[in-house]
Amino acid sequence: MRTQLIPADRVKEAALLIRKGGLVVFPTETVYGLGASAFNPGACARIFSAKGRPSDNPLIVHIASEEQLAEVAQLPPQAAALAKAFWPGPLSLVLPKNPSLPEIVTAGLPTVAVRWPRDELAQAFLRECGSGVAAPSANVSGAPSPTTFEMAKGAMLGRVEGILKGADCQEGLESTIVGFVDGQAKIFRPGNVTANEIAAVLGVDVLSLAYTPPSEGRPVSPGLKYKHYKPNAEVRLFRSPAELPALTAGADKFGVLVVGSAPELPGACEVRSFADWKEFGRRLYSSFFELDQLGCTLILAQLPEAEGVGAAIANRLTKAAGVPN
Ligand code: TXA
Ligand code: MG
């Protein structure tokens, strides 16, 4: 399939492809999404084949207006409070779905995950699309999500009708997903909207499901059961840069991702030092991609405490490294 590479000032062309039932990769502040009209079941089915994604893993619907939201889902009071505080932004809310939304979007669940992104280009695109756009991250299933145009192209060229060219993603990690279990807000996937920020809005403690053992039967968030975020290189984790000389002794073709400075490491392909955890998270996936391209076969990544923005990074890194949690 020929894929059109669409510059940001031609957002209407990208939206037209969606309106005609096509697939378009588009930037958001979290990661690039692989979009189709949420009300076109045939187009949504093609998302699953383009990604190689199991069809029991539902999609997030992206909206950019109250009207688009109303077409997709209902907004109960707690969810409305979170929407008011964090939308537009990197938060997805799992809401009761409207009957008119095709089942394929939600993999048959009675709920739908909805997000109103903050990125200006994403909003312009979604407004032009007219109604909600179903979009998972635009990676091939299992790989890290694309956070740059180059990564998006690498993953989806030849599989979609269009790729809308945006800047590098500002957040760099997928949205926080919040759902409601027995009326209580729960974090289904940690992201840059933190548990404390959510608790402050709701006035109650909020549990994260990301670190609790899966319950019997169907996982609460189906994505939790799949392998995720893996670059080609093997990922190993460390807590303190002082561990690095021992961990890398004798290794070749290794890269390092660290906050602050690292000791001298003979033989390293590349050592990337980030100013803080926010920047580490923003550039995590693009670093995986670029270190793969440099031919690294081993990536040593620093593991933060799983608190605040560290919760999302720790969640992605433990999966990338294959650590059970
Ligand atoms: O930042 C993001 O969330 C990005 C951008 C493109 O918006 N999207 C993204 O989508 O990360 P995806 O498909 O890679 O991850 C969506 C997750 C999956 O783990 C899925 O299981 C979960 O959301 N999910 C979707 N609908 C759900 C629902 N009704 N109930 C529980 N979990 C749901
Ligand atoms: Mg994903």
# chains A, B, ... in the order shown; residues from 1 in each chain; ligands from 1
call {"tool": "residues_around", "arguments": {"residues": "range 150-159 of chain A", "least_positions_apart": "5", "cutoff": "6 Å", "atoms": "only C-alpha atoms", "output": "list in words"}}
result
Met1, Arg2, Thr3, Ala50 and Asn139 of chain A
call {"tool": "closest_atom_pairs", "arguments": {"of": "chain A", "to": "ligand 2", "cutoff": "9 Å", "atoms": "only C-alpha atoms and all ligand atoms", "output": "CSV"}}
result
residue,atom,partner,partner_atom_place_in_ligand_line,distance
A:Val31,CA,ligand 2,1 (Mg),8.9
A:Gly33,CA,ligand 2,1 (Mg),8.7
A:Pro136,CA,ligand 2,1 (Mg),5.6
A:Ser137,CA,ligand 2,1 (Mg),4.3
A:Ala138,CA,ligand 2,1 (Mg),7.2
A:Asn139,CA,ligand 2,1 (Mg),6.9
A:Val140,CA,ligand 2,1 (Mg),8.7
A:Ser141,CA,ligand 2,1 (Mg),7.2
A:Gly142,CA,ligand 2,1 (Mg),7.8
A:Ala143,CA,ligand 2,1 (Mg),8.3
A:Pro144,CA,ligand 2,1 (Mg),7.7
A:Ser145,CA,ligand 2,1 (Mg),6.1
A:Glu174,CA,ligand 2,1 (Mg),7.4
A:Gly223,CA,ligand 2,1 (Mg),7.9
A:His228,CA,ligand 2,1 (Mg),7.5
A:Tyr229,CA,ligand 2,1 (Mg),8.0
call {"tool": "residues_around", "arguments": {"residues": "Ile313 in chain A", "least_positions_apart": "2", "cutoff": "9 Å", "atoms": "only C-alpha atoms", "output": "list in words"}}
result
Leu173, Pro190, Gly191, Trp277, Phe280, Gly281, Leu284, Leu303, Pro304, Ala306, Val309, Gly310, Ala311, Asn315, Arg316, Leu317 and Thr318 of chain A
call {"tool": "residues_near_ligand", "arguments": {"ligand": "ligand 1", "cutoff": "7 Å", "atoms": "only C-alpha atoms and all ligand atoms", "output": "PyMOL selection string"}}
result
chain A and resi 28+30-34+57-60+62+90+92+94+106+109+111-113+115+135-138+173-177+179+188+220-224
call {"tool": "write_last_selection", "arguments": {"atoms": "N, CA and C atoms", "output": "short mmCIF file (atom, residue, chain, number, x, y, z; two decimals), in the first residue's frame"}}
result
data_model
loop_
_atom_site.label_atom_id
_atom_site.label_comp_id
_atom_site.auth_asym_id
_atom_site.auth_seq_id
_atom_site.Cartn_x
_atom_site.Cartn_y
_atom_site.Cartn_z
N THR A 28 0.24 12.68 18.90
CA THR A 28 -0.43 13.27 20.06
C THR A 28 0.69 13.64 21.03
N THR A 30 1.32 12.24 23.78
CA THR A 30 1.87 11.04 24.44
C THR A 30 2.71 10.26 23.43
N VAL A 31 2.04 9.61 22.48
CA VAL A 31 2.73 8.83 21.45
C VAL A 31 1.92 8.98 20.16
N TYR A 32 2.47 8.56 19.02
CA TYR A 32 1.70 8.57 17.78
C TYR A 32 0.61 7.49 17.85
N GLY A 33 -0.58 7.82 17.32
CA GLY A 33 -1.69 6.88 17.29
C GLY A 33 -1.94 6.38 15.88
N LEU A 34 -2.53 5.18 15.78
CA LEU A 34 -2.89 4.57 14.49
C LEU A 34 -4.41 4.65 14.39
N ASN A 57 -8.16 -6.89 22.48
CA ASN A 57 -7.52 -5.75 23.16
C ASN A 57 -8.13 -4.46 22.60
N PRO A 58 -9.01 -3.81 23.39
CA PRO A 58 -9.80 -2.70 22.84
C PRO A 58 -8.98 -1.44 22.56
N LEU A 59 -9.61 -0.50 21.83
CA LEU A 59 -8.93 0.71 21.36
C LEU A 59 -9.36 1.92 22.17
N ILE A 60 -8.54 2.97 22.16
CA ILE A 60 -8.92 4.23 22.81
C ILE A 60 -9.56 5.12 21.74
N HIS A 62 -10.36 8.80 20.45
CA HIS A 62 -9.85 10.17 20.62
C HIS A 62 -10.89 11.17 20.15
N PRO A 90 -2.96 13.97 28.82
CA PRO A 90 -2.56 12.56 28.72
C PRO A 90 -3.29 11.62 29.67
N SER A 92 -6.68 8.89 29.77
CA SER A 92 -7.80 8.20 29.13
C SER A 92 -8.76 7.74 30.22
N VAL A 94 -12.05 5.36 31.19
CA VAL A 94 -12.88 4.22 30.76
C VAL A 94 -14.31 4.50 31.19
N THR A 106 -14.38 -1.71 21.25
CA THR A 106 -14.23 -2.02 22.67
C THR A 106 -14.02 -3.51 22.91
N LEU A 109 -16.52 -5.08 25.17
CA LEU A 109 -16.74 -4.59 26.54
C LEU A 109 -17.87 -3.56 26.55
N THR A 111 -17.69 -0.90 28.15
CA THR A 111 -17.04 0.39 28.40
C THR A 111 -16.12 0.74 27.24
N VAL A 112 -15.80 2.04 27.15
CA VAL A 112 -14.87 2.50 26.11
C VAL A 112 -13.85 3.46 26.75
N ALA A 113 -12.59 3.31 26.38
CA ALA A 113 -11.56 4.26 26.84
C ALA A 113 -11.58 5.47 25.91
N ARG A 115 -10.09 9.58 25.15
CA ARG A 115 -9.09 10.60 25.48
C ARG A 115 -9.25 11.82 24.60
N ALA A 135 -7.90 4.77 18.12
CA ALA A 135 -6.46 4.68 17.82
C ALA A 135 -5.68 4.06 18.96
N PRO A 136 -5.05 2.93 18.69
CA PRO A 136 -4.04 2.44 19.62
C PRO A 136 -2.72 3.15 19.30
N SER A 137 -1.68 2.89 20.06
CA SER A 137 -0.36 3.39 19.72
C SER A 137 0.05 2.79 18.37
N ALA A 138 0.83 3.58 17.60
CA ALA A 138 1.08 3.20 16.20
C ALA A 138 2.30 2.30 16.03
N LEU A 173 5.28 9.01 26.79
CA LEU A 173 4.75 7.76 27.37
C LEU A 173 3.24 7.78 27.17
N GLU A 174 2.65 6.59 27.02
CA GLU A 174 1.21 6.51 26.79
C GLU A 174 0.44 7.09 27.97
N SER A 175 -0.80 7.50 27.67
CA SER A 175 -1.65 8.14 28.68
C SER A 175 -1.89 7.26 29.91
N THR A 176 -2.15 7.92 31.02
CA THR A 176 -2.69 7.24 32.20
C THR A 176 -4.09 6.77 31.84
N ILE A 177 -4.42 5.51 32.17
CA ILE A 177 -5.80 5.04 31.95
C ILE A 177 -6.47 4.87 33.31
N GLY A 179 -10.07 3.78 35.15
CA GLY A 179 -11.39 3.18 35.04
C GLY A 179 -12.06 3.16 36.40
N PHE A 188 -5.62 1.87 35.55
CA PHE A 188 -5.40 0.64 34.77
C PHE A 188 -4.01 0.64 34.14
N VAL A 220 -8.71 -6.89 33.82
CA VAL A 220 -9.53 -5.67 33.85
C VAL A 220 -9.19 -4.78 32.65
N SER A 221 -7.90 -4.60 32.38
CA SER A 221 -7.49 -3.88 31.18
C SER A 221 -6.76 -4.91 30.33
N PRO A 222 -7.38 -5.31 29.22
CA PRO A 222 -6.84 -6.45 28.48
C PRO A 222 -5.38 -6.27 28.10
N GLY A 223 -4.93 -5.01 27.93
CA GLY A 223 -3.54 -4.76 27.55
C GLY A 223 -2.56 -5.28 28.57
N LEU A 224 -2.98 -5.46 29.81
CA LEU A 224 -2.06 -5.87 30.87
C LEU A 224 -1.49 -7.26 30.63
#
call {"tool": "select_by_dssp", "arguments": {"residues": "range 6-222 of chain A", "states": "strand (DSSP E)", "output": "number ranges by chain"}}
result
A: 6, 24-26, 33-37, 60-62, 91-96, 111-115, 133-134, 162-164, 176-181, 184-189, 207-208
call {"tool": "write_last_selection", "arguments": {"atoms": "N, CA and C atoms", "output": "compact mmCIF listing (two decimals), in the first residue's frame"}}
result
# COMPACT_ATOMS: atom_id res chain seq x y z
N ILE A 6 2.11 13.19 5.20
CA ILE A 6 1.32 14.42 5.12
C ILE A 6 1.88 15.47 6.07
N VAL A 24 -4.91 6.38 9.37
CA VAL A 24 -3.94 7.48 9.40
C VAL A 24 -3.21 7.49 10.74
N VAL A 25 -1.89 7.51 10.67
CA VAL A 25 -1.08 7.67 11.88
C VAL A 25 -0.97 9.17 12.17
N PHE A 26 -1.21 9.55 13.43
CA PHE A 26 -1.19 10.97 13.78
C PHE A 26 -0.50 11.18 15.13
N GLY A 33 -0.58 7.82 17.32
CA GLY A 33 -1.69 6.88 17.29
C GLY A 33 -1.94 6.38 15.88
N LEU A 34 -2.53 5.18 15.78
CA LEU A 34 -2.89 4.57 14.49
C LEU A 34 -4.41 4.65 14.39
N GLY A 35 -4.92 5.67 13.66
CA GLY A 35 -6.32 6.02 13.75
C GLY A 35 -7.20 5.51 12.62
N ALA A 36 -8.47 5.27 12.98
CA ALA A 36 -9.53 5.00 12.01
C ALA A 36 -10.80 5.61 12.59
N SER A 37 -11.79 5.89 11.74
CA SER A 37 -13.07 6.38 12.27
C SER A 37 -13.65 5.35 13.23
N ILE A 60 -8.54 2.97 22.16
CA ILE A 60 -8.92 4.23 22.81
C ILE A 60 -9.56 5.12 21.74
N VAL A 61 -10.70 5.75 22.07
CA VAL A 61 -11.32 6.68 21.13
C VAL A 61 -10.87 8.10 21.48
N HIS A 62 -10.36 8.80 20.45
CA HIS A 62 -9.85 10.17 20.62
C HIS A 62 -10.89 11.17 20.15
N LEU A 91 -4.61 11.71 29.68
CA LEU A 91 -5.44 10.86 30.53
C LEU A 91 -6.54 10.22 29.68
N SER A 92 -6.68 8.89 29.77
CA SER A 92 -7.80 8.20 29.13
C SER A 92 -8.76 7.74 30.22
N LEU A 93 -10.05 7.94 29.98
CA LEU A 93 -11.07 7.55 30.96
C LEU A 93 -11.88 6.40 30.39
N VAL A 94 -12.05 5.36 31.19
CA VAL A 94 -12.88 4.22 30.76
C VAL A 94 -14.31 4.50 31.19
N LEU A 95 -15.18 4.66 30.19
CA LEU A 95 -16.54 5.18 30.41
C LEU A 95 -17.59 4.20 29.88
N PRO A 96 -18.84 4.31 30.36
CA PRO A 96 -19.91 3.50 29.75
C PRO A 96 -20.08 3.89 28.28
N THR A 111 -17.69 -0.90 28.15
CA THR A 111 -17.04 0.39 28.40
C THR A 111 -16.12 0.74 27.24
N VAL A 112 -15.80 2.04 27.15
CA VAL A 112 -14.87 2.50 26.11
C VAL A 112 -13.85 3.46 26.75
N ALA A 113 -12.59 3.31 26.38
CA ALA A 113 -11.56 4.26 26.84
C ALA A 113 -11.58 5.47 25.91
N VAL A 114 -11.65 6.67 26.49
CA VAL A 114 -11.76 7.91 25.70
C VAL A 114 -10.67 8.88 26.14
N ARG A 115 -10.09 9.58 25.15
CA ARG A 115 -9.09 10.60 25.48
C ARG A 115 -9.25 11.82 24.60
N VAL A 133 -12.06 9.21 16.77
CA VAL A 133 -11.08 8.41 16.05
C VAL A 133 -10.51 7.35 17.00
N ALA A 134 -10.76 6.08 16.65
CA ALA A 134 -10.22 4.98 17.45
C ALA A 134 -8.75 4.82 17.10
N GLY A 162 -2.06 7.01 5.40
CA GLY A 162 -1.36 8.28 5.61
C GLY A 162 -0.65 8.34 6.95
N ILE A 163 0.42 9.14 7.00
CA ILE A 163 1.08 9.44 8.28
C ILE A 163 1.20 10.96 8.36
N LEU A 164 0.59 11.53 9.39
CA LEU A 164 0.60 12.98 9.59
C LEU A 164 1.87 13.33 10.37
N THR A 176 -2.15 7.92 31.02
CA THR A 176 -2.69 7.24 32.20
C THR A 176 -4.09 6.77 31.84
N ILE A 177 -4.42 5.51 32.17
CA ILE A 177 -5.80 5.04 31.95
C ILE A 177 -6.47 4.87 33.31
N VAL A 178 -7.60 5.55 33.48
CA VAL A 178 -8.37 5.43 34.72
C VAL A 178 -9.73 4.82 34.41
N GLY A 179 -10.07 3.78 35.15
CA GLY A 179 -11.39 3.18 35.04
C GLY A 179 -12.06 3.16 36.40
N PHE A 180 -13.26 2.68 36.44
CA PHE A 180 -14.04 2.67 37.69
C PHE A 180 -14.50 1.24 37.95
N VAL A 181 -14.08 0.70 39.09
CA VAL A 181 -14.46 -0.66 39.45
C VAL A 181 -15.28 -0.56 40.72
N GLN A 184 -15.29 2.82 42.18
CA GLN A 184 -14.03 3.39 42.67
C GLN A 184 -13.05 3.58 41.53
N ALA A 185 -12.42 4.76 41.48
CA ALA A 185 -11.44 5.01 40.42
C ALA A 185 -10.20 4.14 40.63
N LYS A 186 -9.74 3.54 39.53
CA LYS A 186 -8.53 2.72 39.58
C LYS A 186 -7.65 3.08 38.40
N ILE A 187 -6.35 3.04 38.61
CA ILE A 187 -5.43 3.29 37.50
C ILE A 187 -5.17 1.96 36.80
N PHE A 188 -5.62 1.87 35.55
CA PHE A 188 -5.40 0.64 34.77
C PHE A 188 -4.01 0.64 34.14
N ARG A 189 -3.50 1.84 33.85
CA ARG A 189 -2.14 1.94 33.30
C ARG A 189 -1.57 3.27 33.78
N LEU A 207 -6.18 3.47 43.73
CA LEU A 207 -5.29 2.31 43.62
C LEU A 207 -4.84 2.14 42.19
N SER A 208 -3.65 1.59 42.06
CA SER A 208 -3.16 1.25 40.74
C SER A 208 -3.31 -0.24 40.53
call {"tool": "select_by_dssp", "arguments": {"residues": "range 134-222 of chain A", "states": "alpha helix (DSSP H)", "output": "list in words"}}
result
Phe149, Glu150, Met151, Ala152, Lys153, Gly154, Ala155, Met156, Ala195, Asn196, Glu197, Ile198, Ala199, Ala200, Val201 and Leu202 of chain A
call {"tool": "atom_distance", "arguments": {"atom1": "CA of Arg118 in chain A", "atom2": "CA of Pro77 in chain A"}}
result
21.7 Å
call {"tool": "atom_distance", "arguments": {"atom1": "CA of Trp87 in chain A", "atom2": "CA of Pro7 in chain A"}}
result
25.8 Å
call {"tool": "residues_around", "arguments": {"residues": "Gly132 in chain A", "least_positions_apart": "5", "cutoff": "8 Å", "atoms": "only C-alpha atoms", "output": "ChimeraX atom specification"}}
result
/A:37-39,61-64,68-69,71-72,126
call {"tool": "residues_around", "arguments": {"residues": "Ala45 in chain A", "least_positions_apart": "3", "cutoff": "10 Å", "atoms": "only C-alpha atoms", "output": "list in words"}}
result
Ala36, Asn40, Pro41, Gly42, Phe48, Ser49, Ala50, Ser55, Ile104 and Val105 of chain A
